[in-house]
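> Just passing along the structure, written as structure tokens.
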Amino acid sequence: MKTIAAGKFKAQCLEIIEYVRTTGEEVLITKRGKPLAKLVPVRKPFEDFTIVRDIESPIISWDKLD
């Protein structure tokens, strides 16, 4: 895993994002030498996901908990 300072990441953000996308390698972003965030590639594109049921309705009825 590569490590990069937050200031350098800010200056080269788009280039680093493209690097992570194409290589699949994670990049650790640090501030004053301490881990701040990790940039990781998306493992599976979002458009491949399928909603198989209503995701807005609760799974259980709150009325049945009493």
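Chains: A, B, ... in order of the structure tokens. Residues: from 1 per chain. Ligands: from 1, in order shown.
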Do a neighbour search on range 14-28 of chain A at 6 Å with only C-alpha atoms, toss out local chain neighbours closer than 2 positions, and write the hits as an MDAnalysis selection string.

chainID A and resid 1:3 12 38:41

> Limited to C-alpha atoms, could you put the picked residues into a file as an mmCIF file, in the first residue's frame?


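Just written: out_36.cif:
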data_model
loop_
_atom_site.group_PDB
_atom_site.id
_atom_site.type_symbol
_atom_site.label_atom_id
_atom_site.label_comp_id
_atom_site.auth_asym_id
_atom_site.auth_seq_id
_atom_site.Cartn_x
_atom_site.Cartn_y
_atom_site.Cartn_z
ATOM 1 C CA MET A 1 0.000 0.000 0.000
ATOM 2 C CA LYS A 2 1.336 3.412 -0.927
ATOM 3 C CA THR A 3 1.323 6.286 1.561
ATOM 4 C CA GLN A 12 -2.717 15.409 -7.122
ATOM 5 C CA LYS A 38 -7.548 5.280 2.971
ATOM 6 C CA LEU A 39 -8.479 5.460 -0.693
ATOM 7 C CA VAL A 40 -9.570 2.055 -1.962
ATOM 8 C CA PRO A 41 -10.898 0.922 -5.342
#

> Mind pulling up the distance from CA of Ile29 in chain A to CA of Lys8 in chain A?

9.2 Å

> So which bits of range 6-47 of chain A end up helix (DSSP H, G or I) when you DSSP the backbone, as a list in words?

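Everything in range 6-47 of chain A that counts as helix (DSSP H, G or I) is Ala6, Gly7, Lys8, Phe9, Lys10, Ala11, Cys13, Leu14, Glu15, Ile16, Ile17, Glu18, Tyr19, Val20, Arg21, Thr22, Thr23, Phe46 and Glu47 of chain A.
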
> Keeping only N, CA and C atoms, write the selected residues to a file as a compact mmCIF listing (two decimals), in the first residue's frame.


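out34.txt, freshly written:
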# COMPACT_ATOMS: atom_id res chain seq x y z
N ALA A 6 -1.37 14.32 3.10
CA ALA A 6 -2.65 14.94 2.72
C ALA A 6 -2.46 16.11 1.78
N GLY A 7 -1.46 16.94 2.00
CA GLY A 7 -1.21 18.08 1.13
C GLY A 7 -0.88 17.66 -0.29
N LYS A 8 -0.06 16.63 -0.43
CA LYS A 8 0.29 16.12 -1.76
C LYS A 8 -0.93 15.47 -2.41
N PHE A 9 -1.74 14.76 -1.60
CA PHE A 9 -2.97 14.16 -2.13
C PHE A 9 -3.89 15.24 -2.68
N LYS A 10 -4.02 16.34 -1.93
CA LYS A 10 -4.89 17.44 -2.38
C LYS A 10 -4.43 17.98 -3.72
N ALA A 11 -3.13 18.11 -3.90
CA ALA A 11 -2.59 18.67 -5.14
C ALA A 11 -2.71 17.71 -6.32
N CYS A 13 -5.00 14.92 -6.47
CA CYS A 13 -6.17 14.10 -6.18
C CYS A 13 -6.65 13.28 -7.38
N LEU A 14 -6.94 13.90 -8.49
CA LEU A 14 -7.49 13.18 -9.64
C LEU A 14 -6.51 12.14 -10.19
N GLU A 15 -5.25 12.48 -10.19
CA GLU A 15 -4.22 11.55 -10.66
C GLU A 15 -4.14 10.32 -9.74
N ILE A 16 -4.22 10.53 -8.45
CA ILE A 16 -4.15 9.43 -7.49
C ILE A 16 -5.39 8.56 -7.57
N ILE A 17 -6.56 9.18 -7.72
CA ILE A 17 -7.80 8.41 -7.89
C ILE A 17 -7.71 7.52 -9.12
N GLU A 18 -7.21 8.03 -10.20
CA GLU A 18 -7.06 7.24 -11.42
C GLU A 18 -6.06 6.10 -11.20
N TYR A 19 -4.98 6.37 -10.47
CA TYR A 19 -4.00 5.34 -10.15
C TYR A 19 -4.66 4.19 -9.38
N VAL A 20 -5.45 4.52 -8.37
CA VAL A 20 -6.13 3.50 -7.56
C VAL A 20 -7.12 2.72 -8.42
N ARG A 21 -7.84 3.42 -9.27
CA ARG A 21 -8.82 2.76 -10.14
C ARG A 21 -8.15 1.76 -11.09
N THR A 22 -7.05 2.16 -11.70
CA THR A 22 -6.42 1.30 -12.71
C THR A 22 -5.56 0.19 -12.12
N THR A 23 -4.91 0.44 -10.98
CA THR A 23 -4.02 -0.58 -10.40
C THR A 23 -4.70 -1.44 -9.36
N PHE A 46 -21.26 -0.15 -9.00
CA PHE A 46 -22.58 0.03 -8.42
C PHE A 46 -23.70 -0.40 -9.36
N GLU A 47 -23.53 -0.25 -10.66
CA GLU A 47 -24.60 -0.58 -11.57
C GLU A 47 -24.87 -2.08 -11.65
